[in-house]
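Here's the structure, in structure tokens; my notes come after.
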Amino acid sequence: MIVLGSGSVIAAILACGYIPALAAISHLRMAWVPALVGGLGAACSYTAFRNKATGRVGTLCMWMDTLLYTTTFSLAAVLSSEPFSLGFAIALTLFLLYFPARTYALTVPLTIAMCGPPVTITLLLGRDALVSVVVWAACTVALTTAHRTGQKRAHEAERQQLIHALGAAERVADQSMEAALAASLVDIGHFLHELRNARAAQQANLQFVLEEGGLEGELRKALEEAIDAQAEENKLVAAAIERLRRKGRPRSTDFALQDVLREFVRTHRTPLSVTLGIDAPAFVVQGDPEHIKAVLANLVRNAEKAGAANLKILLRANADSKSVSLVVQDDGPGFDSRHLPDLFKPFPELGRPDGTGLGLYLCRRYVDLLGGTIEAVNRPERGAMFRIVLPGQLAKDTCA
Amino acid sequence: MSDVSSSPYVLLIVEDRPDVGAAFVRYFKRHFQTVLLASTPDQAERLLASSPSPTHVICDYWLGDAHPVGSVLLPLWRKRFASLKRGVLVSGSEIEEIECPPGVDAIFGKPADMPAIRACLLA
């Protein structure tokens with residue numbers, strides 16, 4: 001703050017010292033008027049800065065500094081001679097385009113602050129048509145730019161709302177899934193309890209008759225066969241219950257990754273030339289195989305849209321044998337490096353205009369559900385490359 | 001046919017389902033001198049405190065929402081009633097994975113292997 005204050009004082013002294021000289025060089029009449037207005041603008045900027053450009057004072061000072069700076073440049077432009085008048089007009093243009101128009105959304109107060117002084121001053125005091133044309137053109141472009149800034153801001157706010165809503169939807173979906181799963185398990189638990197009790201009574205009675213009934217010959221044999229049949233039935237019921245449990249937990253399905261990849265390549269329709277390379281032993285992943293297919297379909301679609309002609313899906317074994325790497329690479333133009341940090345976020349700011357903004361985000365989500373990770377890089381030779389690491393285990397028949 | 005005379009013990013069956021309780025009583029009556037049936041923990045405690053004192057207990061794991069589970073009750077009863085020599089849990093619930101708590105000699109799933117329960121109690 002001391003540095004800022006001292007700097008301001010020094011700048012003011014220098015300005016006071018040089019203003020007469022600068023005015024003489026540029027034939028600027030009444031030089032102290034624009035200088036004073038500019039000084040007031042600087043004071044407003046400082047106050048806005050102190051108030052962090054918030055609150056009534058901060059907002060008012062931000063509006064005032066724009067108004068005062070445009071007044072300063074406009075006065076300087078109309079009160080000086082060529083070529084300096086044109087220089088001041090260009091300075092006004094640059095100021096408008098690089099500061100208020102790119103910072104604020106278009107509003108009536110901003111329109112007044114940006115265009116009010118230049119238009120009024122050039123109309124009342126302007127003597128050079130070229131300067132007036134430059135100033136009005138600057139105002140027009142500034143208004144358009146500010147309008148676009150407002151649109152961008154609205155779009156960004158909407159994007160943030162969507163991200164927020166999506167996050168909430170995700171949480172609700174997760175909670176619903178967990179609740180549904182818990183409810184299913186409770187239902188299965190109740191069913192099992194009742195079933196086992198009913199069978200316990202049945203089995204105890206059969207055993208009682210067998211031991212105490214004094215049965216012999218065919219009667220005893222029939223009872224023993226009934227007991228054996230019941231034991232067999234118990235096994236069948238246990239197997240059915242196990243299948244029921246698996247249906248209640250779709251995420252815990254074990255599937256052979258290689259089979260899913262082969263099926264995808266065989267059935268997925270795309271104009272790209274897709275090749276599959278498997279350099280890993282048979283590997284089992286836990287989760288929903290449809291998620292793998294959805295991720296691959298998305299990456300293939302992206303490669304198509306990016307203009308690739310060839311796409312390779314490669315499955316490689318990892319050293320730990322508890323995971324595999326699924327690499328998807330194409331020969332398209334690759335990624336703009338600015339896109340990479342936000343690639344897997346929903347509605348990325350720099351996403352493709354024809355995209356939904358959700359494709360790669362959903363890819364990451366599906367990979368998350370499979371317990372894996374996904375990353376994207378540019379290939380050194382050309383093209384995009386996605387590397388998906390999926391946890392799992394070697395298929396039993398391939399284990400040592 | 002019956003080995004009551006060789007095992008002069010008193011068996012208490014704690015089971016909330018009447019059909020299961022009746023079947024268990026019917027089966028074990030031939031192997032124990034006296035077989036008592038309780039459908040709630042309160043009833044069981046009254047029987048444990050009365051004469052003849054139960055020497056063995058078969059307790060269901062799940063006795064309803066309002067009562068503690070068998071794996072909690074059985075260790076308590078083994079401490080409180082010195083007459084109890086052995087106690088087993090039978091369960092229709094998913095408790096096969098748990099280890100026997102102190103005071104529980106074995107856990108059997110339902111439908112139960114009756115000769116195995118008998119052998120465990122009389123071991």
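FYI, nothing fancy with the structure tokens labels: chains A, B, ... in order, residues from 1 per chain, ligands from 1 as they appear.
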Which residues, written as a PDB file with C-alpha atoms, in the first residue's frame, have at least one atom at most 12 Å from Ala112 (chain B), with only C-alpha atoms counted and residues fewer than 5 positions away on the same chain left out?
```
ATOM      1  CA  ARG A 196     -34.551 -71.028   5.915  1.00  0.00           C
ATOM      2  CA  ASN A 197     -36.863 -71.175   8.910  1.00  0.00           C
ATOM      3  CA  ALA A 198     -39.574 -72.972   6.964  1.00  0.00           C
ATOM      4  CA  ARG A 199     -37.051 -75.486   5.709  1.00  0.00           C
ATOM      5  CA  ALA A 200     -35.516 -75.866   9.168  1.00  0.00           C
ATOM      6  CA  ALA A 201     -38.864 -77.050  10.566  1.00  0.00           C
ATOM      7  CA  GLN A 202     -39.335 -79.378   7.609  1.00  0.00           C
ATOM      8  CA  GLN A 203     -35.859 -80.849   7.919  1.00  0.00           C
ATOM      9  CA  ALA A 204     -36.073 -81.304  11.707  1.00  0.00           C
ATOM     10  CA  ASN A 205     -39.366 -83.180  11.308  1.00  0.00           C
ATOM     11  CA  LEU A 206     -38.041 -85.414   8.555  1.00  0.00           C
ATOM     12  CA  GLN A 207     -34.965 -86.220  10.616  1.00  0.00           C
ATOM     13  CA  GLN A 230     -34.309 -81.919   0.344  1.00  0.00           C
ATOM     14  CA  ALA A 231     -30.553 -81.505   0.721  1.00  0.00           C
ATOM     15  CA  ASN A 234     -31.262 -76.694  -0.465  1.00  0.00           C
TER      16      ASN A 234
ATOM     17  CA  VAL B  20     -39.431 -74.518  14.085  1.00  0.00           C
ATOM     18  CA  ALA B  23     -40.007 -79.484  15.318  1.00  0.00           C
ATOM     19  CA  PHE B  24     -36.853 -78.969  17.400  1.00  0.00           C
ATOM     20  CA  TYR B  27     -36.537 -84.058  17.628  1.00  0.00           C
ATOM     21  CA  ILE B  58     -30.149 -73.846  21.416  1.00  0.00           C
ATOM     22  CA  ASP B  60     -32.117 -68.710  17.460  1.00  0.00           C
ATOM     23  CA  VAL B  88     -25.271 -73.195  20.230  1.00  0.00           C
ATOM     24  CA  LEU B  89     -26.754 -70.652  17.881  1.00  0.00           C
ATOM     25  CA  VAL B  90     -28.945 -71.550  14.940  1.00  0.00           C
ATOM     26  CA  SER B  91     -29.549 -68.905  12.372  1.00  0.00           C
ATOM     27  CA  GLY B  92     -31.646 -68.257   9.335  1.00  0.00           C
ATOM     28  CA  ILE B 107     -23.174 -71.629  14.981  1.00  0.00           C
ATOM     29  CA  ILE B 117     -26.410 -80.065  16.441  1.00  0.00           C
ATOM     30  CA  ARG B 118     -27.129 -82.991  18.703  1.00  0.00           C
TER      31      ARG B 118
END
```
Just want the 10 Å neighbourhood of Leu94 (chain A), counted on only C-alpha atoms, with same-chain residues fewer than 6 positions away dropped. Output as an MDAnalysis selection string. chainID A and resid 88 138 142
Best match for closeness to chain A among B:Pro41, B:Pro18, B:Pro68, B:Pro75, counting only C-alpha atoms: B:Pro18
Leaving out Val285 (chain A) and any residue of its chain fewer than 5 positions from it, which residues lie within 9 Å of it when counting only C-alpha atoms, given as an NGL selection string? :A and (253-257 or 323 or 370 or 390-394)
Taking only C-alpha atoms into account and nothing else, which residues of chain B lie no more than 9 Å away from chain A? Please answer as a PyMOL selection string. chain B and resi 1-2+17+19-24+26-28+30+91-94+109-115
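With distances restricted to only C-alpha atoms, A:Gly116 is the closest residue to Leu67 (chain A) from A:Leu106, A:Phe99, A:Gly116, A:Pro380.
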Tell me, as a ChimeraX atom specification, which residues lie within 8 Å of Asp16 (chain B), counting only C-alpha atoms; anything in the same chain fewer than 5 positions away does not count. /B:21,38-40,60,63-64
May I have the residues from that selection written out with N, CA and C atoms, as a short mmCIF file (atom, residue, chain, number, x, y, z; two decimals), in the first residue's frame?
```
data_model
loop_
_atom_site.label_atom_id
_atom_site.label_comp_id
_atom_site.auth_asym_id
_atom_site.auth_seq_id
_atom_site.Cartn_x
_atom_site.Cartn_y
_atom_site.Cartn_z
N GLY B 21 -39.76 -74.25 16.48
CA GLY B 21 -39.62 -74.64 17.89
C GLY B 21 -40.21 -76.02 18.13
N ALA B 38 -38.82 -71.77 24.70
CA ALA B 38 -39.14 -70.36 24.98
C ALA B 38 -39.18 -69.62 23.65
N SER B 39 -40.16 -68.73 23.53
CA SER B 39 -40.24 -67.99 22.26
C SER B 39 -39.67 -66.57 22.38
N THR B 40 -39.36 -66.15 23.60
CA THR B 40 -38.77 -64.81 23.78
C THR B 40 -37.62 -64.91 24.78
N ASP B 60 -32.00 -69.29 18.80
CA ASP B 60 -32.12 -68.71 17.46
C ASP B 60 -31.35 -67.39 17.46
N LEU B 63 -34.45 -63.05 17.01
CA LEU B 63 -35.66 -63.32 17.79
C LEU B 63 -36.68 -62.19 17.66
N GLY B 64 -36.55 -61.41 16.63
CA GLY B 64 -37.49 -60.31 16.40
C GLY B 64 -36.83 -58.97 16.67
#
```
Could you list, as a list in words, every residue within 9 Å of Trp136 (chain A), counting only C-alpha atoms and ignoring same-chain residues fewer than 6 positions away? Cys115, Pro118, Val119 and Thr122 of chain A
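Residues in contact range of Ala129 (chain A), defined as at most 12 Å between only C-alpha atoms, with sequence neighbours fewer than 2 positions away removed, read A:Ala77, A:Val78, A:Glu82, A:Ser85, A:Leu86, A:Ala89, A:Thr122, A:Leu123, A:Leu125, A:Gly126, A:Arg127, A:Val131, A:Ser132, A:Val133, A:Val134, A:Val135, A:Trp136.
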Restricted to C-alpha atoms, what would the selected residues look like written as a compact mmCIF listing (two decimals), in the first residue's frame?
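Saved the output as again-v7.txt:
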```
# COMPACT_ATOMS: atom_id res chain seq x y z
CA ALA A 77 -8.69 14.04 -28.96
CA VAL A 78 -10.86 17.07 -29.72
CA GLU A 82 -3.37 16.13 -35.91
CA SER A 85 -5.85 14.02 -32.03
CA LEU A 86 -5.99 10.78 -33.99
CA ALA A 89 -8.82 8.75 -30.51
CA THR A 122 -17.12 14.94 -30.48
CA LEU A 123 -20.57 16.26 -31.38
CA LEU A 125 -16.43 20.18 -29.78
CA GLY A 126 -15.20 17.92 -32.57
CA ARG A 127 -13.67 19.64 -35.57
CA VAL A 131 -11.30 11.70 -35.26
CA SER A 132 -15.07 11.68 -34.82
CA VAL A 133 -15.44 8.64 -37.08
CA VAL A 134 -12.74 6.76 -35.17
CA VAL A 135 -14.35 7.62 -31.84
CA TRP A 136 -17.85 6.57 -32.95
```
Backbone-only DSSP, strand (DSSP E) members of region 28-100 of chain B, as JSON, numbers by chain: {"B": [34, 35, 36, 37, 38, 56, 57, 58, 59, 60, 86, 87, 88, 89, 90, 91]}
Okay, now the selection with C-alpha atoms, as a PDB file, in the first residue's frame?
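out-v6.pdb, written as the output of this step:
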```
ATOM      1  CA  THR B  34     -36.266 -82.517  29.487  1.00  0.00           C
ATOM      2  CA  VAL B  35     -36.735 -80.150  26.591  1.00  0.00           C
ATOM      3  CA  LEU B  36     -38.073 -76.657  27.258  1.00  0.00           C
ATOM      4  CA  LEU B  37     -39.213 -74.144  24.665  1.00  0.00           C
ATOM      5  CA  ALA B  38     -39.140 -70.357  24.983  1.00  0.00           C
ATOM      6  CA  HIS B  56     -27.887 -76.926  27.261  1.00  0.00           C
ATOM      7  CA  VAL B  57     -29.348 -74.222  25.080  1.00  0.00           C
ATOM      8  CA  ILE B  58     -30.149 -73.846  21.416  1.00  0.00           C
ATOM      9  CA  CYS B  59     -30.810 -70.219  20.658  1.00  0.00           C
ATOM     10  CA  ASP B  60     -32.117 -68.710  17.460  1.00  0.00           C
ATOM     11  CA  ARG B  86     -23.094 -75.822  26.259  1.00  0.00           C
ATOM     12  CA  GLY B  87     -24.911 -73.449  23.978  1.00  0.00           C
ATOM     13  CA  VAL B  88     -25.271 -73.195  20.230  1.00  0.00           C
ATOM     14  CA  LEU B  89     -26.754 -70.652  17.881  1.00  0.00           C
ATOM     15  CA  VAL B  90     -28.945 -71.550  14.940  1.00  0.00           C
ATOM     16  CA  SER B  91     -29.549 -68.905  12.372  1.00  0.00           C
TER      17      SER B  91
END
```
Of the candidates B:Ala44, B:Val72, B:Val104, B:Leu121, which one gets nearest to Leu12 (chain B) if we count only C-alpha atoms? B:Ala44
So which residues touch region 277-281 of chain A within 8 Å, counting only C-alpha atoms, skipping near sequence neighbours fewer than 3 positions away, as a ChimeraX atom specification? /A:258,312-317,324,394-395,398
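The residue that comes closest to Leu22 (chain A), out of A:Leu68, A:Ala229, A:Val172, A:Ala76 and on the basis of only C-alpha atoms, is A:Ala76.
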